[in-house]
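Everything below belongs to protein06.txt, which stores compact mmCIF, C-alpha atoms and all ligand atoms.
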```txt
# COMPACT_ATOMS: atom_id res chain seq x y z
CA MET A 1 -8.97 -23.03 2.51
CA GLU A 2 -10.25 -19.60 3.33
CA ILE A 3 -8.32 -17.73 5.96
CA HIS A 4 -10.31 -16.84 9.06
CA PRO A 5 -10.61 -13.04 9.47
CA LEU A 6 -9.27 -13.36 13.02
CA VAL A 7 -6.22 -15.15 11.65
CA THR A 8 -5.78 -12.40 9.06
CA SER A 9 -5.72 -9.82 11.81
CA TYR A 10 -3.23 -11.90 13.80
CA GLN A 11 -1.03 -12.10 10.67
CA ARG A 12 -1.17 -8.32 10.37
CA PHE A 13 -0.33 -7.99 14.07
CA VAL A 14 2.76 -10.19 13.69
CA ALA A 15 3.78 -8.49 10.42
CA ASN A 16 3.72 -5.12 12.17
CA ARG A 17 6.19 -6.55 14.65
CA SER A 18 8.49 -8.12 12.04
CA ASP A 19 10.81 -6.85 9.35
CA HIS A 20 9.68 -7.10 5.77
CA LYS A 21 11.44 -4.09 4.30
CA ILE A 22 14.89 -3.25 2.96
CA GLY A 23 15.81 0.41 2.57
CA VAL A 24 17.80 1.56 -0.46
CA ILE A 25 19.92 4.41 0.85
CA GLY A 26 23.15 6.14 -0.13
CA GLN A 27 24.78 8.95 -2.00
CA PRO A 28 22.73 11.42 -4.06
CA ASP A 29 22.46 10.40 -7.75
CA ALA A 30 24.22 7.12 -7.03
CA GLY A 31 21.47 5.22 -8.81
CA LYS A 32 19.30 4.13 -5.88
CA SER A 33 16.08 4.57 -7.85
CA SER A 34 17.66 3.05 -10.95
CA LEU A 35 18.63 0.00 -8.89
CA ILE A 36 15.04 -0.39 -7.72
CA ASN A 37 13.91 -0.20 -11.34
CA ALA A 38 16.40 -2.92 -12.20
CA LEU A 39 15.17 -5.16 -9.38
CA VAL A 40 11.43 -4.63 -9.52
CA LYS A 41 9.43 -5.17 -12.68
CA ASN A 42 7.40 -2.10 -13.63
CA ALA A 43 8.59 -0.22 -10.55
CA GLY A 44 8.75 3.05 -12.42
CA ALA A 45 10.82 4.65 -9.67
CA HIS A 46 11.64 8.25 -10.53
CA THR A 47 15.25 8.71 -11.63
CA SER A 48 16.91 11.98 -12.44
CA VAL A 49 20.09 13.50 -13.78
CA HIS A 50 19.65 16.33 -11.33
CA THR A 51 20.60 15.95 -7.69
CA ASP A 52 17.66 14.09 -6.40
CA ALA A 53 15.02 16.30 -4.93
CA THR A 54 13.02 13.50 -3.37
CA LEU A 55 12.68 14.15 0.32
CA GLU A 56 10.47 11.24 1.15
CA THR A 57 10.64 7.49 1.02
CA LYS A 58 8.65 5.33 -1.36
CA ASP A 59 7.73 1.63 -1.19
CA TYR A 60 8.09 -0.93 -4.01
CA SER A 61 7.03 -4.58 -3.76
CA PHE A 62 10.00 -6.86 -4.42
CA ASN A 63 7.92 -10.01 -3.97
CA THR A 64 4.81 -11.06 -2.06
CA TYR A 65 6.42 -10.51 1.33
CA GLY A 66 9.33 -8.12 0.71
CA THR A 67 9.26 -4.38 0.11
CA LEU A 68 12.11 -2.20 -1.14
CA VAL A 69 12.04 1.36 0.13
CA ASP A 70 13.54 4.12 -2.01
CA PHE A 71 15.25 6.83 0.03
CA PRO A 72 16.60 10.22 -0.99
CA GLY A 73 20.37 10.76 -1.13
CA VAL A 74 22.29 11.68 1.97
CA GLY A 75 24.39 14.83 2.30
CA THR A 76 22.47 17.31 0.17
CA GLU A 77 21.34 20.76 1.28
CA GLU A 78 17.84 19.47 1.94
CA VAL A 79 18.79 16.10 3.33
CA THR A 80 21.61 16.38 5.82
CA ALA A 81 22.94 13.34 7.65
CA ALA A 82 20.97 14.43 10.74
CA HIS A 83 17.75 14.60 8.76
CA TYR A 84 18.56 11.22 7.24
CA LYS A 85 18.96 9.57 10.62
CA LYS A 86 15.46 10.72 11.49
CA LEU A 87 14.09 9.30 8.23
CA ILE A 88 15.72 5.98 8.98
CA GLN A 89 14.50 5.93 12.55
CA GLN A 90 10.94 6.74 11.50
CA SER A 91 10.99 3.99 8.88
CA GLY A 92 11.74 1.34 11.50
CA ILE A 93 13.78 -0.51 8.87
CA ASN A 94 16.72 -2.66 10.00
CA ASP A 95 18.22 -3.83 6.68
CA PHE A 96 19.69 -1.59 4.01
CA VAL A 97 21.39 -1.52 0.63
CA TYR A 98 23.85 1.38 0.70
CA VAL A 99 24.56 2.64 -2.83
CA PHE A 100 27.77 4.50 -3.70
CA GLU A 101 29.00 6.05 -6.93
CA SER A 102 32.05 7.93 -5.75
CA LYS A 103 34.44 8.12 -2.86
CA ILE A 104 33.09 7.92 0.66
CA LYS A 105 32.09 11.35 1.96
CA GLU A 106 31.76 12.93 5.39
CA ALA A 107 27.95 12.53 5.32
CA ASP A 108 28.34 8.82 4.50
CA ILE A 109 30.61 8.29 7.48
CA GLU A 110 28.28 10.13 9.81
CA LEU A 111 25.34 8.08 8.58
CA PHE A 112 27.30 4.86 8.77
CA LYS A 113 28.25 5.54 12.41
CA TYR A 114 24.57 5.85 13.19
CA LEU A 115 23.72 2.65 11.33
CA ALA A 116 26.50 0.71 13.02
CA LYS A 117 25.55 1.99 16.46
CA ASN A 118 21.96 0.91 15.90
CA GLU A 119 23.10 -2.50 14.66
CA LYS A 120 21.54 -2.11 11.22
CA HIS A 121 22.50 -4.65 8.61
CA ILE A 122 24.01 -3.23 5.41
CA ILE A 123 24.67 -4.54 1.91
CA PHE A 124 27.16 -2.25 0.16
CA ALA A 125 26.75 -1.57 -3.55
CA TYR A 126 29.10 0.36 -5.80
CA ASN A 127 27.10 1.47 -8.84
CA LYS A 128 28.07 2.80 -12.28
CA THR A 129 30.95 0.36 -12.74
CA ASP A 130 30.52 1.07 -16.46
CA ALA A 131 31.98 4.50 -15.73
CA LEU A 132 34.79 3.08 -13.60
CA VAL A 133 37.81 3.91 -15.74
CA ASP A 134 41.23 5.12 -14.87
CA ILE A 135 41.99 8.30 -16.79
CA THR A 136 45.71 7.58 -16.76
CA ASN A 137 44.82 4.14 -18.15
CA GLN A 138 47.35 2.42 -15.93
CA ASP A 139 45.03 0.44 -13.69
CA SER A 140 42.65 -2.22 -14.85
CA VAL A 141 38.99 -2.10 -13.77
CA ASP A 142 39.75 -4.94 -11.34
CA ASP A 143 42.48 -2.85 -9.72
CA LEU A 144 40.03 0.03 -9.35
CA LYS A 145 37.48 -2.24 -7.72
CA ARG A 146 40.12 -3.54 -5.33
CA ASP A 147 40.98 0.05 -4.41
CA LYS A 148 37.31 0.78 -3.75
CA ASP A 149 37.03 -2.24 -1.47
CA THR A 150 40.15 -1.13 0.39
CA GLU A 151 38.73 2.35 0.84
CA LEU A 152 35.53 0.86 2.23
CA LYS A 153 37.38 -1.42 4.66
CA VAL A 154 39.78 1.25 5.89
CA THR A 155 37.18 3.99 6.27
CA LEU A 156 34.62 1.90 8.09
CA LYS A 157 36.98 -0.28 10.12
CA PRO A 158 36.60 1.79 13.31
CA TYR A 159 32.87 1.08 13.35
CA ILE A 160 32.49 -2.48 12.20
CA LYS A 161 34.28 -5.76 12.89
CA ASN A 162 33.52 -8.05 9.99
CA PRO A 163 35.23 -7.44 6.66
CA LEU A 164 33.23 -5.45 4.12
CA SER A 165 33.16 -5.51 0.38
CA TYR A 166 31.05 -4.03 -2.34
CA PHE A 167 28.64 -5.54 -4.77
CA PHE A 168 29.93 -3.90 -7.94
CA ILE A 169 26.96 -3.11 -10.13
CA SER A 170 25.82 -1.12 -13.12
CA THR A 171 22.16 -0.54 -13.77
CA LEU A 172 23.22 0.55 -17.25
CA THR A 173 24.99 -2.67 -18.32
CA ASN A 174 23.29 -4.92 -15.73
CA GLU A 175 26.66 -5.97 -14.30
CA GLY A 176 26.23 -7.55 -10.87
CA ILE A 177 22.48 -7.00 -10.80
CA GLU A 178 21.63 -10.73 -10.63
CA LEU A 179 24.07 -11.23 -7.76
CA ILE A 180 22.76 -8.38 -5.65
CA LYS A 181 19.21 -9.40 -6.46
CA GLN A 182 19.94 -12.85 -5.07
CA GLU A 183 21.46 -11.37 -1.91
CA ILE A 184 18.39 -9.18 -1.43
CA ALA A 185 16.04 -12.14 -2.05
CA GLU A 186 17.89 -14.16 0.62
CA LEU A 187 17.63 -11.30 3.08
CA PHE A 188 13.88 -11.05 2.52
CA GLU A 189 13.68 -14.80 3.02
CA ARG A 190 15.46 -14.50 6.37
CA GLN A 191 13.03 -11.78 7.38
CA GLN A 192 10.14 -14.02 6.39
CA GLN A 193 11.57 -16.90 8.44
CA ASP A 194 11.76 -14.58 11.46
CA TYR A 195 8.12 -13.69 10.88
CA ASN A 196 7.18 -17.37 10.74
CA GLU A 197 9.05 -18.05 13.97
CA LYS A 198 7.34 -15.17 15.72
CA TYR A 199 3.98 -16.23 14.35
CA LYS A 200 4.25 -19.56 16.13
CA THR A 201 5.27 -18.28 19.55
CA GLU A 202 3.03 -18.37 22.59
CA GLU A 203 4.14 -14.84 23.59
CA MET A 204 3.05 -13.34 20.28
CA LEU A 205 -0.34 -15.02 20.47
CA GLU A 206 -0.92 -13.92 24.06
CA SER A 207 0.14 -10.38 23.31
CA PHE A 208 -2.28 -10.31 20.39
CA LEU A 209 -5.14 -11.60 22.54
CA ASN A 210 -4.37 -9.06 25.24
CA TYR A 211 -4.27 -6.31 22.66
CA LYS A 212 -7.60 -7.53 21.31
CA THR A 213 -9.15 -7.60 24.78
CA ASN A 214 -7.89 -4.16 25.69
CA SER A 215 -9.15 -2.61 22.48
CA LEU A 216 -12.54 -4.20 23.21
CA LEU A 217 -13.11 -2.33 26.45
CA PRO A 218 -13.89 1.12 25.01
CA LYS A 219 -16.48 -0.58 22.79
CA LEU A 220 -18.18 -2.12 25.83
CA PHE A 221 -18.03 0.63 28.39
CA THR A 222 -19.82 3.24 26.35
CA PRO A 223 -22.22 5.85 27.75
CA SER A 224 -25.06 3.39 27.17
CA PHE A 225 -23.41 0.65 29.23
CA LYS A 226 -25.46 1.49 32.32
CA GLU A 227 -28.72 1.26 30.42
CA ILE A 228 -27.76 -2.06 28.87
CA VAL A 229 -26.99 -3.49 32.28
CA MET A 230 -30.16 -2.08 33.90
CA LYS A 231 -32.26 -3.61 31.14
CA LYS A 232 -30.20 -6.81 31.28
CA ASN A 233 -29.80 -6.55 27.53
CA TYR A 234 -26.60 -8.57 27.57
CA GLN A 235 -27.08 -9.79 24.02
CA SER A 236 -25.96 -6.48 22.59
CA LEU A 237 -22.74 -6.78 24.63
CA GLU A 238 -22.27 -10.34 23.40
CA ARG A 239 -22.69 -9.22 19.81
CA THR A 240 -20.13 -6.46 20.28
CA ILE A 241 -17.67 -8.96 21.76
CA LEU A 242 -18.16 -11.59 19.04
CA ASN A 243 -17.83 -8.95 16.30
CA HIS A 244 -14.71 -7.57 17.88
CA PHE A 245 -13.11 -11.02 17.87
CA LYS A 246 -14.44 -11.58 14.33
CA LEU A 247 -16.22 -14.74 15.45
CA GLN A 248 -19.19 -16.28 13.66
CA GLU A 249 -21.76 -18.69 15.00
CA ASP A 250 -19.92 -21.59 13.33
CA ASP A 251 -16.71 -20.80 15.18
CA ILE A 252 -18.53 -21.10 18.49
CA MET A 253 -20.33 -24.30 17.52
CA ILE A 254 -17.11 -26.00 16.47
CA HIS A 255 -15.26 -25.12 19.64
CA ASN A 256 -17.99 -25.19 22.27
CA LYS A 257 -20.69 -27.61 23.31
CA GLU A 258 -22.78 -24.88 24.85
CA TRP A 259 -23.64 -21.46 23.51
CA PRO A 260 -21.87 -19.05 25.85
CA THR A 261 -23.83 -16.19 27.37
CA ILE A 262 -23.05 -13.53 29.92
CA GLN A 263 -26.14 -14.55 31.85
CA ASN A 264 -24.88 -18.15 32.22
CA HIS A 265 -21.65 -16.88 33.63
CA MET A 266 -23.51 -14.55 35.99
CA ASP A 267 -25.66 -17.40 37.23
CA LYS A 268 -22.56 -19.33 38.21
CA PHE A 269 -21.68 -16.47 40.54
CA ASP A 270 -25.17 -16.01 41.83
CA ASN A 271 -24.38 -17.44 45.22
CA GLU A 272 -24.65 -16.13 48.77
CA GLU A 273 -21.23 -14.60 48.80
CA THR A 274 -21.81 -12.29 45.87
CA LYS A 275 -25.39 -11.53 46.87
CA GLU A 276 -24.28 -10.19 50.20
CA LYS A 277 -24.67 -6.45 50.29
CA VAL A 278 -21.33 -4.81 50.05
CA SER A 279 -20.39 -1.24 50.66
CA THR A 280 -19.84 0.87 47.57
CA LEU A 281 -16.22 1.38 48.44
CA LYS A 282 -15.60 -2.30 48.83
CA GLU A 283 -17.44 -2.83 45.56
CA ILE A 284 -15.25 -0.35 43.71
CA ALA A 285 -12.08 -1.95 45.05
CA LYS A 286 -13.27 -5.41 44.06
CA ILE A 287 -14.24 -4.27 40.56
CA ALA A 288 -10.97 -2.46 40.06
CA GLN A 289 -9.07 -5.54 41.12
CA LEU A 290 -11.15 -7.78 38.90
CA LEU A 291 -10.68 -5.66 35.80
CA ARG A 292 -7.04 -5.07 36.39
CA THR A 293 -6.20 -8.73 36.63
CA ALA A 294 -8.67 -9.88 33.99
CA PHE A 295 -7.45 -7.45 31.37
CA LYS A 296 -3.91 -6.85 32.61
CA LEU A 297 -4.70 -3.14 32.71
CA LYS A 298 -2.20 -0.62 33.92
CA THR A 299 -4.84 2.09 34.22
CA LEU A 300 -8.57 1.86 34.49
CA ASN A 301 -9.20 4.94 32.37
CA PRO A 302 -11.01 3.19 29.52
CA VAL A 303 -13.53 1.61 31.86
CA THR A 304 -14.10 4.16 34.59
CA THR A 305 -17.05 5.77 32.78
CA GLY A 306 -18.90 2.49 32.60
CA ILE A 307 -18.25 1.44 36.16
CA GLY A 308 -18.85 4.93 37.49
CA ALA A 309 -22.27 4.98 35.90
CA LEU A 310 -23.08 1.54 37.26
CA LEU A 311 -22.19 2.46 40.79
CA GLU A 312 -23.99 5.80 40.62
CA SER A 313 -27.15 4.00 39.75
CA GLY A 314 -26.76 2.15 43.00
CA ALA A 315 -26.26 -1.18 41.32
CA VAL A 316 -24.78 -3.06 44.24
CA ASN A 317 -24.70 -6.15 42.11
CA ALA A 318 -22.34 -4.59 39.62
CA PHE A 319 -19.73 -7.05 40.75
CA PRO A 320 -21.49 -10.28 39.69
CA MET A 321 -22.41 -8.64 36.38
CA LEU A 322 -18.85 -7.61 35.65
CA GLN A 323 -17.57 -10.95 36.87
CA GLY A 324 -19.98 -12.66 34.46
CA LEU A 325 -18.93 -10.34 31.66
CA THR A 326 -15.25 -10.94 32.38
CA ASN A 327 -15.65 -14.70 32.37
CA TYR A 328 -17.68 -14.53 29.18
CA ILE A 329 -14.90 -12.53 27.52
CA SER A 330 -12.31 -15.02 28.65
CA GLU A 331 -14.39 -17.87 27.23
CA ILE A 332 -14.56 -16.04 23.88
CA LYS A 333 -10.86 -15.33 24.14
CA ASP A 334 -10.24 -19.08 24.55
CA ILE A 335 -12.17 -19.77 21.36
CA ALA A 336 -10.17 -17.09 19.56
CA ARG A 337 -6.98 -18.64 20.93
CA ASN A 338 -7.98 -22.06 19.62
CA ILE A 339 -8.68 -20.71 16.14
CA ILE A 340 -5.28 -19.03 15.94
CA LYS A 341 -3.53 -22.03 17.50
CA SER A 342 -4.81 -24.27 14.71
CA SER A 343 -3.42 -21.79 12.18
CA GLN A 344 -0.08 -21.85 14.04
CA GLU A 345 -0.02 -25.64 13.81
CA GLU A 346 -0.81 -25.45 10.11
CA ALA A 347 2.19 -23.13 9.73
CA GLU A 348 4.50 -25.84 11.14
N1 LIG A 401 26.55 5.48 -16.24
C1 LIG A 401 25.62 5.08 -15.40
N2 LIG A 401 24.65 5.93 -15.03
C2 LIG A 401 23.71 5.51 -14.15
C3 LIG A 401 23.72 4.18 -13.64
N3 LIG A 401 22.68 4.05 -12.79
C4 LIG A 401 22.03 5.24 -12.78
N4 LIG A 401 22.64 6.13 -13.58
C5 LIG A 401 22.25 7.53 -13.83
O1 LIG A 401 22.50 8.28 -12.66
C6 LIG A 401 21.53 9.32 -12.51
C7 LIG A 401 20.91 9.23 -11.14
O2 LIG A 401 20.17 8.03 -11.04
P1 LIG A 401 19.03 7.84 -9.96
O3 LIG A 401 18.60 6.44 -10.02
O4 LIG A 401 18.00 8.90 -10.09
O5 LIG A 401 19.87 8.10 -8.64
P2 LIG A 401 19.35 8.30 -7.13
O6 LIG A 401 19.35 9.75 -6.88
O7 LIG A 401 20.38 7.61 -6.30
O8 LIG A 401 18.00 7.67 -7.02
C8 LIG A 401 20.52 9.12 -13.62
O9 LIG A 401 20.83 9.99 -14.67
C9 LIG A 401 20.75 7.68 -14.07
O10 LIG A 401 20.45 7.47 -15.42
C10 LIG A 401 24.75 3.29 -14.08
O11 LIG A 401 24.85 2.13 -13.69
N5 LIG A 401 25.68 3.80 -14.96
MG MG A 402 16.20 8.52 -6.32
```

File written out as structure tokens:
Amino acid sequence: MEIHPLVTSYQRFVANRSDHKIGVIGQPDAGKSSLINALVKNAGAHTSVHTDATLETKDYSFNTYGTLVDFPGVGTEEVTAAHYKKLIQQSGINDFVYVFESKIKEADIELFKYLAKNEKHIIFAYNKTDALVDITNQDSVDDLKRDKDTELKVTLKPYIKNPLSYFFISTLTNEGIELIKQEIAELFERQQQDYNEKYKTEEMLESFLNYKTNSLLPKLFTPSFKEIVMKKNYQSLERTILNHFKLQEDDIMIHNKEWPTIQNHMDKFDNEETKEKVSTLKEIAKIAQLLRTAFKLKTLNPVTTGIGALLESGAVNAFPMLQGLTNYISEIKDIARNIIKSSQEEAE
């Protein structure tokens, strides 16, 4: 079945509020980009024998919902630990693979403190195990790996409670690549489950609908709003509203018995109480109150131009019009809610 465009925009809204990225960070030249190349088919991530000069991050699709993000190395002249923290903060990423190739440095510790403090989740990888040899030839590779794990535990113990150990990998010989790939796949799966959970919540749906309604207002209260109202050309407003909510005629017909119009809603309020002449001041207060509660607005900035123009023109009946408009919007919002709710149920 084709996905409704409104549902697509809800999916994007939820995705923007969920994790779907894992950052590949770590020491310069540790093989971060090489690891991405080993994990992602045709990634073509730039690798280099020279201290990596990349200062920016780059995205690579791991699967349909997960993205690996290649970072520069930490602790170079260009990329200090302080600069790195900013990069990480800007990325908004919460899960990382931290790649090492040598002993833990000052810059690593500083970065790790930051990651721990911000409760980031880290998978530790020790790369280039093919080059892990003891020059004195006394220790076996396993002994060397044990030493590395001990170094990791001891150095990072002050900052983290649970025991840590490395994924020992080599992008050259492929050692450990399948294992770390599996770990990464599981992490992306967890992120996707979180997304699915969020997708189904009432709060997320309501916050999307409120966002939709608020972003509608500047489209309605344009400089020509006054003219539209004076000419009672409400259809152009209705079209704007339906387009904004990405609703088609069919959507309305399925969910409603009657075709909704602003005029219908106005007629419902066309009683003695609202006809009574009210002072402009009283009118402004009523309108402000109406809009604030209807749209959960903190400020009325986006709508003041429209209302101002209405009141200037001496339209004492601005209130019934806006009340009709507000109720029309909430009817459309209900239809939008129903469409997304059915997609939430399908996601069960
Ligand atoms: N011996 C060995 N060299 C590697 C391995 N992985 C990467 N390299 C080399 O290390 C250098 C830096 O790799 P790169 O992926 O650019 O590191 P980055 O700066 O962390 O992205 C390149 O010359 C790679 O060929 C490995 O597992 N073993
Ligand atoms: Mg690189």

Pairwise distance, CA of Lys341 in chain A with CA of Glu202 in chain A, equals 9.1 Å

Item to complete: Determine, counting all atoms listed in the file, which protein, DNA and RNA residues have an atom within 12 Å of an atom of range 332-334 of chain A; residues of the same chain fewer than 4 positions away are not included. Present the result as a PyMOL selection string.
Response: chain A and resi 6+205-206+208-214+216+238-249+251-253+255-256+259-262+294-295+325-328+338-341

Would you put the residues from that selection into a file with C-alpha atoms, as a PDB file, keeping the file's coordinate frame?
```pdb
ATOM      1  CA  LEU A   6      -9.270 -13.360  13.020  1.00  0.00           C
ATOM      2  CA  LEU A 205      -0.340 -15.020  20.470  1.00  0.00           C
ATOM      3  CA  GLU A 206      -0.920 -13.920  24.060  1.00  0.00           C
ATOM      4  CA  PHE A 208      -2.280 -10.310  20.390  1.00  0.00           C
ATOM      5  CA  LEU A 209      -5.140 -11.600  22.540  1.00  0.00           C
ATOM      6  CA  ASN A 210      -4.370  -9.060  25.240  1.00  0.00           C
ATOM      7  CA  TYR A 211      -4.270  -6.310  22.660  1.00  0.00           C
ATOM      8  CA  LYS A 212      -7.600  -7.530  21.310  1.00  0.00           C
ATOM      9  CA  THR A 213      -9.150  -7.600  24.780  1.00  0.00           C
ATOM     10  CA  ASN A 214      -7.890  -4.160  25.690  1.00  0.00           C
ATOM     11  CA  LEU A 216     -12.540  -4.200  23.210  1.00  0.00           C
ATOM     12  CA  GLU A 238     -22.270 -10.340  23.400  1.00  0.00           C
ATOM     13  CA  ARG A 239     -22.690  -9.220  19.810  1.00  0.00           C
ATOM     14  CA  THR A 240     -20.130  -6.460  20.280  1.00  0.00           C
ATOM     15  CA  ILE A 241     -17.670  -8.960  21.760  1.00  0.00           C
ATOM     16  CA  LEU A 242     -18.160 -11.590  19.040  1.00  0.00           C
ATOM     17  CA  ASN A 243     -17.830  -8.950  16.300  1.00  0.00           C
ATOM     18  CA  HIS A 244     -14.710  -7.570  17.880  1.00  0.00           C
ATOM     19  CA  PHE A 245     -13.110 -11.020  17.870  1.00  0.00           C
ATOM     20  CA  LYS A 246     -14.440 -11.580  14.330  1.00  0.00           C
ATOM     21  CA  LEU A 247     -16.220 -14.740  15.450  1.00  0.00           C
ATOM     22  CA  GLN A 248     -19.190 -16.280  13.660  1.00  0.00           C
ATOM     23  CA  GLU A 249     -21.760 -18.690  15.000  1.00  0.00           C
ATOM     24  CA  ASP A 251     -16.710 -20.800  15.180  1.00  0.00           C
ATOM     25  CA  ILE A 252     -18.530 -21.100  18.490  1.00  0.00           C
ATOM     26  CA  MET A 253     -20.330 -24.300  17.520  1.00  0.00           C
ATOM     27  CA  HIS A 255     -15.260 -25.120  19.640  1.00  0.00           C
ATOM     28  CA  ASN A 256     -17.990 -25.190  22.270  1.00  0.00           C
ATOM     29  CA  TRP A 259     -23.640 -21.460  23.510  1.00  0.00           C
ATOM     30  CA  PRO A 260     -21.870 -19.050  25.850  1.00  0.00           C
ATOM     31  CA  THR A 261     -23.830 -16.190  27.370  1.00  0.00           C
ATOM     32  CA  ILE A 262     -23.050 -13.530  29.920  1.00  0.00           C
ATOM     33  CA  ALA A 294      -8.670  -9.880  33.990  1.00  0.00           C
ATOM     34  CA  PHE A 295      -7.450  -7.450  31.370  1.00  0.00           C
ATOM     35  CA  LEU A 325     -18.930 -10.340  31.660  1.00  0.00           C
ATOM     36  CA  THR A 326     -15.250 -10.940  32.380  1.00  0.00           C
ATOM     37  CA  ASN A 327     -15.650 -14.700  32.370  1.00  0.00           C
ATOM     38  CA  TYR A 328     -17.680 -14.530  29.180  1.00  0.00           C
ATOM     39  CA  ASN A 338      -7.980 -22.060  19.620  1.00  0.00           C
ATOM     40  CA  ILE A 339      -8.680 -20.710  16.140  1.00  0.00           C
ATOM     41  CA  ILE A 340      -5.280 -19.030  15.940  1.00  0.00           C
ATOM     42  CA  LYS A 341      -3.530 -22.030  17.500  1.00  0.00           C
TER      43      LYS A 341
END
```

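The spacing separating CA of Gln193 in chain A from CA of Ala45 in chain A amounts to 28.2 Å.
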
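Comparing A:Gln11, A:Thr222, A:Gln263, A:Ser61 by their smallest distance to Lys200 in chain A, the closest is A:Gln11 (using all atoms listed in the file).
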
Margin query: I'd like the neighbourhood of Ser91 in chain A as a ChimeraX atom specification, where a residue qualifies if any of its atoms comes within 10 Å (using all atoms listed in the file), though same-chain residues fewer than 3 positions away should be ignored.
Written below: /A:21,23,57,69,85-88,94

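Ranking A:Lys117, A:Lys128, A:Thr150, A:Asp139 by their shortest atom-to-atom distance to Phe168 in chain A, with only C-alpha atoms included, puts A:Lys128 first.
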
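The residue set within 12 Å of Glu101 in chain A, counting all atoms listed in the file and dropping same-chain residues fewer than 3 places from it, reads A:Gly26, A:Gln27, A:Pro28, A:Asp29, A:Ala30, A:Gly31, A:Lys32, A:Gly73, A:Tyr98, A:Ile104, A:Lys105, A:Asp108, A:Phe124, A:Ala125, A:Tyr126, A:Asn127, A:Lys128, A:Thr129, A:Asp130, A:Ala131, A:Leu132, A:Lys145, A:Lys148, A:Tyr166, A:Phe167, A:Phe168, A:Ile169, A:Ser170, A:Thr171.
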
Write a file of the selected residues as a PDB file, in the frame of the given file, keeping C-alpha atoms.
```
ATOM      1  CA  GLY A  26      23.150   6.140  -0.130  1.00  0.00           C
ATOM      2  CA  GLN A  27      24.780   8.950  -2.000  1.00  0.00           C
ATOM      3  CA  PRO A  28      22.730  11.420  -4.060  1.00  0.00           C
ATOM      4  CA  ASP A  29      22.460  10.400  -7.750  1.00  0.00           C
ATOM      5  CA  ALA A  30      24.220   7.120  -7.030  1.00  0.00           C
ATOM      6  CA  GLY A  31      21.470   5.220  -8.810  1.00  0.00           C
ATOM      7  CA  LYS A  32      19.300   4.130  -5.880  1.00  0.00           C
ATOM      8  CA  GLY A  73      20.370  10.760  -1.130  1.00  0.00           C
ATOM      9  CA  TYR A  98      23.850   1.380   0.700  1.00  0.00           C
ATOM     10  CA  ILE A 104      33.090   7.920   0.660  1.00  0.00           C
ATOM     11  CA  LYS A 105      32.090  11.350   1.960  1.00  0.00           C
ATOM     12  CA  ASP A 108      28.340   8.820   4.500  1.00  0.00           C
ATOM     13  CA  PHE A 124      27.160  -2.250   0.160  1.00  0.00           C
ATOM     14  CA  ALA A 125      26.750  -1.570  -3.550  1.00  0.00           C
ATOM     15  CA  TYR A 126      29.100   0.360  -5.800  1.00  0.00           C
ATOM     16  CA  ASN A 127      27.100   1.470  -8.840  1.00  0.00           C
ATOM     17  CA  LYS A 128      28.070   2.800 -12.280  1.00  0.00           C
ATOM     18  CA  THR A 129      30.950   0.360 -12.740  1.00  0.00           C
ATOM     19  CA  ASP A 130      30.520   1.070 -16.460  1.00  0.00           C
ATOM     20  CA  ALA A 131      31.980   4.500 -15.730  1.00  0.00           C
ATOM     21  CA  LEU A 132      34.790   3.080 -13.600  1.00  0.00           C
ATOM     22  CA  LYS A 145      37.480  -2.240  -7.720  1.00  0.00           C
ATOM     23  CA  LYS A 148      37.310   0.780  -3.750  1.00  0.00           C
ATOM     24  CA  TYR A 166      31.050  -4.030  -2.340  1.00  0.00           C
ATOM     25  CA  PHE A 167      28.640  -5.540  -4.770  1.00  0.00           C
ATOM     26  CA  PHE A 168      29.930  -3.900  -7.940  1.00  0.00           C
ATOM     27  CA  ILE A 169      26.960  -3.110 -10.130  1.00  0.00           C
ATOM     28  CA  SER A 170      25.820  -1.120 -13.120  1.00  0.00           C
ATOM     29  CA  THR A 171      22.160  -0.540 -13.770  1.00  0.00           C
TER      30      THR A 171
END
```

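Note that CA of Phe100 in chain A and CA of Gly176 in chain A are 14.1 Å apart.
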
Residues of chain A that have any atom at most 6 Å from an atom of ligand MG 402 (chain A): could you tabulate them with the shortest-distance atom pair and the distance in Å to one decimal, using all atoms listed in the file, ordered by chain and increasing number, as JSON lines?
```
{"residue": "A:Lys32", "atom": "CA", "partner": "A:MG402", "partner_atom": "MG", "distance": 5.4}
{"residue": "A:Ser33", "atom": "CA", "partner": "A:MG402", "partner_atom": "MG", "distance": 4.2}
{"residue": "A:Thr47", "atom": "CA", "partner": "A:MG402", "partner_atom": "MG", "distance": 5.4}
{"residue": "A:Asp52", "atom": "CA", "partner": "A:MG402", "partner_atom": "MG", "distance": 5.8}
{"residue": "A:Pro72", "atom": "CA", "partner": "A:MG402", "partner_atom": "MG", "distance": 5.6}
```

List the spatial neighbours of Leu68 in chain A as a compact mmCIF listing (two decimals) with C-alpha atoms, keeping the file's coordinate frame - criterion: any atom at most 10 Å away, all atoms listed in the file, same-chain residues fewer than 3 positions off excluded.
```txt
# COMPACT_ATOMS: atom_id res chain seq x y z
CA HIS A 20 9.68 -7.10 5.77
CA LYS A 21 11.44 -4.09 4.30
CA ILE A 22 14.89 -3.25 2.96
CA GLY A 23 15.81 0.41 2.57
CA VAL A 24 17.80 1.56 -0.46
CA ILE A 36 15.04 -0.39 -7.72
CA LEU A 39 15.17 -5.16 -9.38
CA VAL A 40 11.43 -4.63 -9.52
CA LYS A 58 8.65 5.33 -1.36
CA ASP A 59 7.73 1.63 -1.19
CA TYR A 60 8.09 -0.93 -4.01
CA SER A 61 7.03 -4.58 -3.76
CA PHE A 62 10.00 -6.86 -4.42
CA ASN A 63 7.92 -10.01 -3.97
CA PHE A 71 15.25 6.83 0.03
CA PHE A 96 19.69 -1.59 4.01
CA VAL A 97 21.39 -1.52 0.63
CA ILE A 184 18.39 -9.18 -1.43
CA PHE A 188 13.88 -11.05 2.52
```
